[in-house]
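What follows is a short report on a single structure.
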Amino acid sequence: MNERPEIAEKKRPDDRRVRKTRAALKKALTTLLLEKSINAISVKELTDMADINRGTFYLHYKDVYDLLGQSEEELMEGLKAMVNSFSAESVNTDPRRLFKELYTLCKKDADIVRILISENGDLKFLNSMKELLKEKCLHDWSINLRELNSEHFDAHYAFIVGGCLNLLQYWFASGMKESPEELADITGTFINHAGKA
């Protein structure tokens with residue numbers, strides 16, 4: 001029984017090393033994506049920038065696309081977990097809290113989010129963001145949709161989600177001058193006006 005804690009202790013440095021390696025590779029990928037498209041990035045320049053050998057890279061990822069795909073999945077899982085932590089009642093009562101948390105997470109991973117939602121970004125990631133907003137934010141935010149005829153819901157949803165994503169793009173492009181809380185207030189104001197239109 002005394003051996004188990006020792007085994008657990010031995011695993012911790014390895015776990016930290018894995019996290020450190022993956023973080024270095026993601027940071028290098030993000031840096032390179034700010035300069036060029038994904039298909040112009042080689043494993044060699046990625047590992048050189050991350051100061052990691054190619055053998056270590058292939059222990060974690062099949063190729064550069066796999067690294068990007070896993071990075072997107074981890075980011076989206078984090079966003080989903082955060083959004084789903086809010087009940088429908090809390091979203092209806094004060095939706096700004098949800099948007100504040102959403103923008104805070106986007107700010108934390110600003111470089112990769114900026115790339116993924118840009119005009120040349122990943123359409124799959126953009127569509128996942130749209131679905132996330134549709135399924136949680138808008139369906140639960142019934143107070144703003146209650147008086148809308150159901151046949152207008154899709155148009156209303158498209159307008160609001162497009163506006164939210166454009167607001168996020170504006171925020172990144174303008175240097176994130178507003179705090180996540182201020183941006184959440186702006187979002188709430190825009191959606192309230194749209195709901196009354």
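Each chain of the structure tokens is named A, B, ... in the order shown, its residues numbered from 1; ligands are numbered from 1 in display order.
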
Selection near Ile38 (chain A), 8 Å with only C-alpha atoms, sequence-local residues under 5 positions removed, as a PDB file with C-alpha atoms, in the first residue's frame:
```pdb
ATOM      1  CA  LEU A  33      -0.366  30.885 -37.751  1.00  0.00           C
ATOM      2  CA  VAL A  64       0.492  19.859 -37.768  1.00  0.00           C
ATOM      3  CA  TYR A  65      -3.205  19.502 -38.641  1.00  0.00           C
TER       4      TYR A  65
END
```

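Take CA of Phe172 (chain A) and CA of Met76 (chain A): the distance between them is 18.2 Å.
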
My list of candidates is A:Leu75, A:Ile160, A:Leu67, A:Ala155. Which is closest to Ala110 (chain A) when distances are computed with only C-alpha atoms?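 That would be A:Leu75, the residue with the smallest distance to Ala110 (chain A).
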
For Leu29 (chain A): contacts at 12 Å, only C-alpha atoms, fewer than 2 positions along chain excluded, given as a ChimeraX atom specification: /A:22-27,31-50,63-72,111-112,115

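Taking CA of Glu119 (chain A) and CA of Leu165 (chain A) as endpoints, the distance between them is 11.2 Å.
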
Residues within 12 Å of Leu168 (chain A), please, as a VMD selection string. Count only C-alpha atoms; anything in the same chain fewer than 6 positions from it doesn't count. chain A and resid 99 to 100 102 to 107 110 113 to 118 126 129 161 to 162 174 to 180 183 to 184 186 to 187

Could those residues be written to a file, using C-alpha atoms, as an mmCIF file, in the first residue's frame?
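Result written to selection32.cif:
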```cif
data_model
loop_
_atom_site.group_PDB
_atom_site.id
_atom_site.type_symbol
_atom_site.label_atom_id
_atom_site.label_comp_id
_atom_site.auth_asym_id
_atom_site.auth_seq_id
_atom_site.Cartn_x
_atom_site.Cartn_y
_atom_site.Cartn_z
ATOM 1 C CA PHE A 99 -21.034 36.407 -21.778
ATOM 2 C CA LYS A 100 -18.496 37.793 -19.336
ATOM 3 C CA LEU A 102 -17.250 33.512 -22.459
ATOM 4 C CA TYR A 103 -15.206 36.619 -23.280
ATOM 5 C CA THR A 104 -12.840 35.936 -20.371
ATOM 6 C CA LEU A 105 -12.055 32.478 -21.780
ATOM 7 C CA CYS A 106 -11.606 33.935 -25.270
ATOM 8 C CA LYS A 107 -9.226 36.550 -23.865
ATOM 9 C CA ALA A 110 -6.831 35.287 -27.492
ATOM 10 C CA VAL A 113 -9.307 32.315 -30.916
ATOM 11 C CA ARG A 114 -8.457 35.389 -33.021
ATOM 12 C CA ILE A 115 -7.008 33.124 -35.699
ATOM 13 C CA LEU A 116 -9.871 30.615 -35.644
ATOM 14 C CA ILE A 117 -12.662 33.202 -35.967
ATOM 15 C CA SER A 118 -10.897 35.384 -38.535
ATOM 16 C CA LEU A 126 -16.874 28.996 -36.323
ATOM 17 C CA MET A 129 -19.238 28.466 -31.848
ATOM 18 C CA VAL A 161 -24.947 35.065 -33.430
ATOM 19 C CA GLY A 162 -23.379 36.880 -36.382
ATOM 20 C CA SER A 174 -9.089 46.863 -31.559
ATOM 21 C CA GLY A 175 -6.655 45.480 -28.991
ATOM 22 C CA MET A 176 -9.266 44.269 -26.464
ATOM 23 C CA LYS A 177 -9.610 47.752 -24.952
ATOM 24 C CA GLU A 178 -12.851 46.818 -23.234
ATOM 25 C CA SER A 179 -12.846 44.370 -20.334
ATOM 26 C CA PRO A 180 -14.792 41.091 -20.729
ATOM 27 C CA LEU A 183 -18.061 43.627 -23.686
ATOM 28 C CA ALA A 184 -20.719 41.478 -21.990
ATOM 29 C CA ILE A 186 -22.457 45.732 -24.846
ATOM 30 C CA THR A 187 -23.603 42.279 -25.984
#
```

Would you give me, as a ChimeraX atom specification, the residues in region 19-157 of chain A that DSSP reads as alpha helix (DSSP H)? /A:19-33,43-50,54-60,64-84,88-93,95-108,110-116,123-132,139-140,153-157
